[in-house]
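Presented below is the structure to which this report refers.
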Amino acid sequence: MSFTFTIRAGPARLASRIPEFAKASSASSASSGPAAAIRAFHKSAPKNANFFTSRTTPSLVSSSQKPAAANSLLARLQGARRGYQYQSHSQPQQDNGLLMRKLLVGGAMVGGTWVTLQFMFNRETRADGGMPAYESSYLNKTFMHTGLGIGIIGLSAYQMLQTGFTYRLMATNPWVVAIGGLALSFGSMLATRAIDADNYIPKYACWTVFNATQAAFVAPLLAMAPPALLARAGLYTLAMMGAISFVGATAKQEKYLYIGGPLLAGAAIVAVSGFAPLLLPATAVRTLAFTENLWLYGGLAVFGGFTLYDVQKVLYHARLAQAGVIKEDPVNESIALELDFLNIFVRMVQILMMQQNRRK
């Protein structure tokens with residue numbers, strides 16, 4: 001019986017076991033004396049190594065067991081490291097497969113849209129042997145300015161989001177922001193259109209202000225939507241506008257210029273449907289759902305038609321500029337295409353966000 005057990009048993013038990021300790025001490029003193037007995041008592045290790053806590057057990061492991069424990073621990077770490085490496089290698093493979101499927105789906109959408117639009121709207125192609133060089137050059141300049149404007153809008157919206165300007169803008173009075181933003185947007189657009197094309201500095205300055213105001217409207221959308229969804233929406237928008245622009249560029253001259261009036265009426269209906277949540281009560285669920293679908297899908301159809309109309313209008317203005325009737329002004333032409341892009345892009349983002357919410 002160990003000494004630690006007798007201490008835990010209590011003073012009464014300790015007193016009853018004094019003769020046994022006396023016999024043990026006498027036997028040990030017979031061989032080596034009292035000092036040896038005291039040293040033997042202090043050197044004796046308790047049988048229960050987990051007396052206080054399990055943290056003392058590693059210090060009591062024998063020298064023969066330490067290498068085995070170290071080897072087993074190293075093996076577990078190596079196995080965990082190999083498993084982590086396998087997982088890190090398999091994850092990019094899954095991501096690459098998902099990205100490849102998305103690219104194939106996007107390519108199929110672009111090709112299907114192009115074939116459908118060609119079959120439906122472009123059965124009668126140009127009879128003059130193709131697009132002349134001056135029309136092609138003017139159209140390329142217009143698309144270059146359109147891409148530059150979209151880039152300015154995207155970078156400005158990102159900077160507004162990073163600097164916190166978007167949050168401060170959303171925290172203010174929404175009516176003041178909406179009315180002031182629309183006034184600044186229309187004012188800068190009208191100023192850009194009014195300035196002569198030869199007066200570069202003020203024209204491009206007003207055009208930059210117009211793009212900055214559009215970025216202020218788009219920036220809250222960047223804060224709410226994930227980057228992957230924004231990339232998909234941008235890809236779908238480019239696919240839609242690219243297919244429609246190709247149809248408009250290869251169609252007969254002035255074939256779709258007549259749709260400007262109906263498209264303007266459709267844009268007015270879409271704009272009115274956008275104000276329906278502010279006017280209708282919340283109990284009119286079906287009416288609100290109808291107006292939302294009209295704003296989303298009707299807006300896609302309307303601004304897709306505007307893309308077709310604007311491309312043909314660019315080619316018509318190129319012929320007028322070649323004849324000396326007007327001056328070439330790709331900045332003014334790009335404004336309409338930028339607005340088409342933004343309206344289609346915003347609706348694409350909202351449709352994809354609705355689909356993502358339904359999956360959750």
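In the structure tokens, chains take the letters A, B, ... in the order shown, each chain's residues start at 1, and ligands count up from 1 in the order shown.
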Compile the contact shell of A:Gly154 as a PyMOL selection string: residues with an atom at most 10 Å away, counting only C-alpha atoms, same-chain residues fewer than 5 positions apart removed. chain A and resi 148-149+159-160+211-212+214-216+218-219+222
For a quick check of understanding, using only C-alpha atoms, which of A:Gly181, A:Gly274, A:Pro132, A:Pro226 has the smallest distance to A:Glu292?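 Closest candidate: A:Gly274.
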Nearest to A:Leu161: which of A:Leu221, A:Leu190, A:Ala336, A:Leu315 is it, counting only C-alpha atoms? A:Leu221
Any idea what the distance is between atom CA of A:Leu320 and atom CA of A:Tyr258?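 Going from atom CA of A:Leu320 over to atom CA of A:Tyr258 covers 17.4 Å.
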List as an MDAnalysis selection string the protein and nucleic acid residues near A:Lys327, meaning an atom at most 9 Å away when only C-alpha atoms are counted, but skip any in the same chain fewer than 4 places from it. chainID A and resid 196:197 317:318 320:322
Calculated over only C-alpha atoms, which of the candidates A:Gln253, A:Val314, A:Val209, A:Leu169 has the smallest distance to A:Ser334? A:Val314
Tell me, which residues of stretch 109-358 of chain A carry DSSP alpha helix (DSSP H), written as a ChimeraX atom specification? /A:109-121,133-162,165-171,174-194,200-224,227-250,260-274,276-279,285-293,299-322,330-358
